[in-house]
Amino acid sequence: MKSVLTPDLNNRALLESQEKWESNARSYPRRLPLAMDKAGGIYVSDMDGKDYIDCLAGAGTLALGHNHEVIKDAVQNVLDSGLPLHTLDFTTPVKEKFVDELFDALPDSFAEKAKIQFCGPTGGDGIEAALKLVKTATGNRSILSFQGGYHGSTHGTLSVSGTLGPKEDIHALVPDTHFLPYPYEYRCPFGIGEEGHKVCSTYIENLLDNPESGIVSPAGIIVEVVQGEGGSVPAPIEWLKELRRITRERDLPLIIDEVQTGLGRTGRMFAFEHAGIEPDILVLSKAIGGSLPLSVMLYDGRLDQWEAGAHIGTFRGNQMGMAAGQASLKYIRENALPDQAATNGAYFMKKLNEIQTDMSSMGDVRGRGLMMGIEIINPKARPDQIGSYPAAPELASKIQQECFKRGLILEVGGRNGSVIRLLPPLIITKEQIDEVLMRFHESIKTAEAHFGLQ
């Protein structure tokens, strides 16, 4: 098996090699055709020497950006220490320091009763663990999830995810999974807009109390406080409070998936803190490993009903991930990066709203902290009953392409693939934000003109 690489190792050579040998399931390079060479902070360089501002940041993994010094130092210290790099679930000083740092970051009332489970090194495995735990602890089998939610790409996590595309060819997904409406104001499932979240919570409460709902006693309910892949859709604070009340009154375990929102992304250390609530189970990955693979589940000790070996994984003892995660957590807390994300996120949103007044295709600008979404619409089509215009996925894709040409990496996702998503590192400055906004504004102008919207 020979590579198609040429001696100069340029973008084209590496991309051709990737296309030849890598699985058809590869995704990002199809939309963002670059081969990465170097990276630092919010910037990456490709093999041809072109620089990009990275507002994808490992799909939210790189809280401190690329190659931050505290991360590199932490990893190097582990390598120099002589500690084993593979430990299964044996403990080490590195692991103990990580646990201490993480528990110190949790709300005190949750930390006091919490247990931790180290999972395989993906968020999906953490979600799998959470689903198994609630079924074991309650003896029930049904799981309630939300339309538009995304929890992973394993067989079990796809079963509780709202996204349909990856499910189309997968048969016999996990049974007894039921989907509830998520309060999505711009495309309200009840067609009433801002007040839709009240109907949503009433619907959930009635469903749980209905003796003929068709759903056997649920084992748990899983939710994202801000739907990520679903289009950066933040749940209303009032609705989150109601969801916690409803589940607590019925002793229904609430699983909060913070794989993408955790560690300051939304302007608080954990996104659930905006609502002043606590989960029964919290799943963390992505940023928790400081850019390296790591996944953990934290949960109320009363649920700790499973037996030894109930959830295992060969690579749940990633020492470098724990060291990088501990260093990243410490840096985030000591430098008040959640507060900075809240401030810079508000600035970002203000400027995006100003751009929105100049553009006809920005149907909705939303988000929380440095997790933002711009829903791209077709303003020439007929709006629905609450004034929301149809999605425009081809235009969203064109905007992404124009941004890429201008050295700006961002993602497109959400319903119908029509939401521009921004997940910059938490260390981004206002000056860098201004540069992102300038490139984005130029890109959307060009894309709208291409589609005859200018």
# chains A, B, ... in the order shown; residues from 1 in each chain; ligands from 1
call {"tool": "select_by_dssp", "arguments": {"residues": "range 249-362 of chain A", "states": "strand (DSSP E)", "output": "compact mmCIF listing (two decimals) with N, CA and C atoms, in the first residue's frame"}}
result
# COMPACT_ATOMS: atom_id res chain seq x y z
N LEU A 254 -31.99 12.91 35.74
CA LEU A 254 -31.74 13.87 34.67
C LEU A 254 -30.28 13.80 34.27
N ILE A 255 -30.03 13.38 33.04
CA ILE A 255 -28.68 13.33 32.48
C ILE A 255 -28.45 14.61 31.68
N ILE A 256 -27.43 15.38 32.03
CA ILE A 256 -27.08 16.56 31.25
C ILE A 256 -25.79 16.29 30.49
N ASP A 257 -25.90 16.38 29.18
CA ASP A 257 -24.78 16.16 28.28
C ASP A 257 -24.06 17.49 28.08
N ILE A 281 -26.80 13.26 36.61
CA ILE A 281 -25.63 12.75 35.91
C ILE A 281 -25.12 13.83 34.98
N LEU A 282 -23.81 14.03 34.99
CA LEU A 282 -23.16 15.01 34.12
C LEU A 282 -22.10 14.29 33.30
N VAL A 283 -22.15 14.44 31.98
CA VAL A 283 -21.17 13.81 31.10
C VAL A 283 -20.29 14.90 30.49
N LEU A 284 -18.98 14.70 30.60
CA LEU A 284 -17.99 15.65 30.08
C LEU A 284 -16.98 14.93 29.19
N VAL A 296 -15.46 11.62 31.07
CA VAL A 296 -15.86 11.24 32.42
C VAL A 296 -17.35 11.43 32.61
N MET A 297 -17.88 10.66 33.52
CA MET A 297 -19.27 10.81 33.95
C MET A 297 -19.25 11.06 35.45
N LEU A 298 -19.93 12.11 35.88
CA LEU A 298 -20.08 12.43 37.30
C LEU A 298 -21.54 12.26 37.65
N TYR A 299 -21.84 11.66 38.80
CA TYR A 299 -23.23 11.38 39.11
C TYR A 299 -23.48 11.33 40.62
N ASP A 300 -24.73 11.54 40.97
CA ASP A 300 -25.18 11.46 42.35
C ASP A 300 -24.91 10.05 42.89
N MET A 362 -29.61 36.24 7.37
CA MET A 362 -29.35 35.85 8.75
C MET A 362 -30.68 35.84 9.51
call {"tool": "residues_around", "arguments": {"residues": "Tyr184 in chain A", "least_positions_apart": "6", "cutoff": "12 Å", "atoms": "only C-alpha atoms", "output": "PyMOL selection string"}}
result
chain A and resi 146-149+190-200+225-227+230-236+239+364+366-367+388+414-415
call {"tool": "write_last_selection", "arguments": {"atoms": "C-alpha atoms", "output": "CSV table (one decimal), in the first residue's frame"}}
result
chain,number,residue,atom,x,y,z
A,146,PHE,CA,-35.1,15.6,22.7
A,147,GLN,CA,-35.7,16.4,19.1
A,148,GLY,CA,-32.5,18.0,17.7
A,149,GLY,CA,-30.2,16.6,20.3
A,190,PHE,CA,-45.7,24.3,18.6
A,191,GLY,CA,-45.7,27.2,16.2
A,192,ILE,CA,-46.0,29.9,18.9
A,193,GLY,CA,-42.5,31.2,19.2
A,194,GLU,CA,-41.3,32.7,22.5
A,195,GLU,CA,-43.9,31.2,24.8
A,196,GLY,CA,-43.4,27.7,23.3
A,197,HIS,CA,-41.1,26.6,26.1
A,198,LYS,CA,-44.1,26.8,28.6
A,199,VAL,CA,-46.2,24.5,26.3
A,200,CYS,CA,-43.1,22.2,26.1
A,225,VAL,CA,-28.5,22.7,27.9
A,226,VAL,CA,-27.4,24.2,24.6
A,227,GLN,CA,-28.0,21.9,21.6
A,230,GLY,CA,-28.6,20.7,16.5
A,231,GLY,CA,-27.7,24.3,15.7
A,232,SER,CA,-26.4,26.1,18.8
A,233,VAL,CA,-29.9,26.3,20.3
A,234,PRO,CA,-29.9,27.4,23.9
A,235,ALA,CA,-32.7,26.2,26.1
A,236,PRO,CA,-34.6,28.9,27.9
A,239,TRP,CA,-37.7,25.8,30.9
A,364,ASP,CA,-31.6,34.1,13.7
A,366,ARG,CA,-28.3,33.0,19.0
A,367,GLY,CA,-26.1,31.3,21.5
A,388,SER,CA,-39.5,32.3,10.4
A,414,GLY,CA,-28.1,22.4,12.7
A,415,ARG,CA,-31.4,21.5,11.2
call {"tool": "closest_residue", "arguments": {"among": "A:Tyr331, A:Met438, A:Leu133, A:Tyr186", "to": "Gly301 in chain A", "atoms": "only C-alpha atoms"}}
result
A:Leu133
call {"tool": "closest_residue", "arguments": {"among": "A:Ala342, A:Ala39, A:Met47, A:Ala137", "to": "Asn10 in chain A", "atoms": "only C-alpha atoms"}}
result
A:Met47
call {"tool": "closest_atom_pairs", "arguments": {"of": "range 97-155 of chain A", "to": "range 309-327 of chain A", "cutoff": "12 Å", "atoms": "only C-alpha atoms", "output": "Markdown table"}}
result
| residue | atom | partner | partner_atom | distance |
| --- | --- | --- | --- | --- |
| A:Lys97 | CA | A:Gln326 | CA | 6.9 |
| A:Phe98 | CA | A:Gln326 | CA | 4.7 |
| A:Val99 | CA | A:Gln326 | CA | 8.0 |
| A:Asp100 | CA | A:Gln326 | CA | 8.7 |
| A:Glu101 | CA | A:Gln326 | CA | 6.1 |
| A:Leu102 | CA | A:Gln326 | CA | 7.4 |
| A:Phe103 | CA | A:Gln326 | CA | 10.8 |
| A:Asp104 | CA | A:Gln326 | CA | 11.0 |
| A:Ala105 | CA | A:Gln326 | CA | 10.6 |
| A:Gln117 | CA | A:His311 | CA | 8.6 |
| A:Phe118 | CA | A:Arg316 | CA | 5.6 |
| A:Cys119 | CA | A:Arg316 | CA | 5.2 |
| A:Gly120 | CA | A:Arg316 | CA | 4.8 |
| A:Pro121 | CA | A:Arg316 | CA | 6.2 |
| A:Thr122 | CA | A:Arg316 | CA | 9.6 |
| A:Gly123 | CA | A:Arg316 | CA | 11.9 |
| A:Asp125 | CA | A:Gly313 | CA | 9.0 |
| A:Gly126 | CA | A:His311 | CA | 9.8 |
| A:Ile127 | CA | A:His311 | CA | 11.4 |
| A:Glu128 | CA | A:His311 | CA | 9.0 |
| A:Ala129 | CA | A:His311 | CA | 6.4 |
| A:Ala130 | CA | A:His311 | CA | 9.8 |
| A:Leu131 | CA | A:His311 | CA | 10.9 |
| A:Lys132 | CA | A:His311 | CA | 8.2 |
| A:Leu133 | CA | A:Ala310 | CA | 8.8 |
| A:Lys135 | CA | A:Ala310 | CA | 11.9 |
| A:Thr136 | CA | A:Ala310 | CA | 9.5 |
| A:Ala137 | CA | A:Ala310 | CA | 12.0 |
call {"tool": "residues_around", "arguments": {"residues": "Ser291 in chain A", "least_positions_apart": "2", "cutoff": "8 Å", "atoms": "only C-alpha atoms", "output": "MDAnalysis selection string"}}
result
chainID A and resid 61:63 286:289 293 321 324:325
call {"tool": "write_last_selection", "arguments": {"atoms": "C-alpha atoms", "output": "short mmCIF file (atom, residue, chain, number, x, y, z; two decimals), in the first residue's frame"}}
result
data_model
loop_
_atom_site.label_atom_id
_atom_site.label_comp_id
_atom_site.auth_asym_id
_atom_site.auth_seq_id
_atom_site.Cartn_x
_atom_site.Cartn_y
_atom_site.Cartn_z
CA THR A 61 -12.36 20.64 22.30
CA LEU A 62 -9.61 23.27 22.29
CA ALA A 63 -10.70 25.55 25.12
CA LYS A 286 -13.88 17.32 24.59
CA ALA A 287 -12.36 20.21 26.62
CA ILE A 288 -12.02 18.09 29.78
CA GLY A 289 -8.88 16.44 28.37
CA PRO A 293 -8.86 12.13 24.54
CA GLY A 321 -5.15 13.45 29.00
CA ALA A 324 -3.52 18.12 30.28
CA GLY A 325 -7.08 18.25 31.61
#
call {"tool": "select_by_dssp", "arguments": {"residues": "range 260-343 of chain A", "states": "helix (DSSP H, G or I)", "output": "PyMOL selection string"}}
result
chain A and resi 271-275+286-289+301-303+319-334+337-343
call {"tool": "write_last_selection", "arguments": {"atoms": "C-alpha atoms", "output": "PDB file, in the first residue's frame"}}
result
ATOM      1  CA  ALA A 271     -23.872  25.371  31.227  1.00  0.00           C
ATOM      2  CA  PHE A 272     -26.432  24.054  33.731  1.00  0.00           C
ATOM      3  CA  GLU A 273     -25.227  26.674  36.224  1.00  0.00           C
ATOM      4  CA  HIS A 274     -26.986  29.419  34.222  1.00  0.00           C
ATOM      5  CA  ALA A 275     -30.284  27.962  35.442  1.00  0.00           C
ATOM      6  CA  LYS A 286     -13.883  17.321  24.592  1.00  0.00           C
ATOM      7  CA  ALA A 287     -12.357  20.210  26.619  1.00  0.00           C
ATOM      8  CA  ILE A 288     -12.022  18.086  29.778  1.00  0.00           C
ATOM      9  CA  GLY A 289      -8.880  16.438  28.370  1.00  0.00           C
ATOM     10  CA  GLY A 301     -23.863   8.697  44.600  1.00  0.00           C
ATOM     11  CA  ARG A 302     -27.374   7.330  45.211  1.00  0.00           C
ATOM     12  CA  LEU A 303     -27.299   6.003  41.633  1.00  0.00           C
ATOM     13  CA  GLN A 319      -2.476   9.843  31.939  1.00  0.00           C
ATOM     14  CA  MET A 320      -1.471  12.559  29.496  1.00  0.00           C
ATOM     15  CA  GLY A 321      -5.151  13.447  29.000  1.00  0.00           C
ATOM     16  CA  MET A 322      -5.623  13.717  32.765  1.00  0.00           C
ATOM     17  CA  ALA A 323      -2.512  15.854  33.151  1.00  0.00           C
ATOM     18  CA  ALA A 324      -3.524  18.121  30.284  1.00  0.00           C
ATOM     19  CA  GLY A 325      -7.082  18.249  31.609  1.00  0.00           C
ATOM     20  CA  GLN A 326      -5.968  19.192  35.117  1.00  0.00           C
ATOM     21  CA  ALA A 327      -3.683  21.915  33.787  1.00  0.00           C
ATOM     22  CA  SER A 328      -6.399  23.243  31.485  1.00  0.00           C
ATOM     23  CA  LEU A 329      -9.019  23.265  34.250  1.00  0.00           C
ATOM     24  CA  LYS A 330      -6.660  25.078  36.590  1.00  0.00           C
ATOM     25  CA  TYR A 331      -5.823  27.692  33.951  1.00  0.00           C
ATOM     26  CA  ILE A 332      -9.487  28.214  33.064  1.00  0.00           C
ATOM     27  CA  ARG A 333     -10.411  28.776  36.711  1.00  0.00           C
ATOM     28  CA  GLU A 334      -7.409  30.908  37.696  1.00  0.00           C
ATOM     29  CA  LEU A 337     -12.085  32.260  31.337  1.00  0.00           C
ATOM     30  CA  PRO A 338     -15.819  31.535  31.833  1.00  0.00           C
ATOM     31  CA  ASP A 339     -16.328  35.223  32.682  1.00  0.00           C
ATOM     32  CA  GLN A 340     -14.216  36.182  29.696  1.00  0.00           C
ATOM     33  CA  ALA A 341     -16.305  33.883  27.477  1.00  0.00           C
ATOM     34  CA  ALA A 342     -19.461  35.588  28.733  1.00  0.00           C
ATOM     35  CA  THR A 343     -18.055  39.066  28.040  1.00  0.00           C
TER      36      THR A 343
END
call {"tool": "closest_residue", "arguments": {"among": "A:Ser217, A:Ser17, A:Ser397, A:Asn353", "to": "Gly139 in chain A", "atoms": "only C-alpha atoms"}}
result
A:Ser217
call {"tool": "atom_distance", "arguments": {"atom1": "CA of Gly220 in chain A", "atom2": "CA of Gly369 in chain A"}}
result
28.0 Å
call {"tool": "closest_residue", "arguments": {"among": "A:Ile237, A:Ala219, A:Ala74, A:Leu173", "to": "Gly276 in chain A", "atoms": "only C-alpha atoms"}}
result
A:Ile237
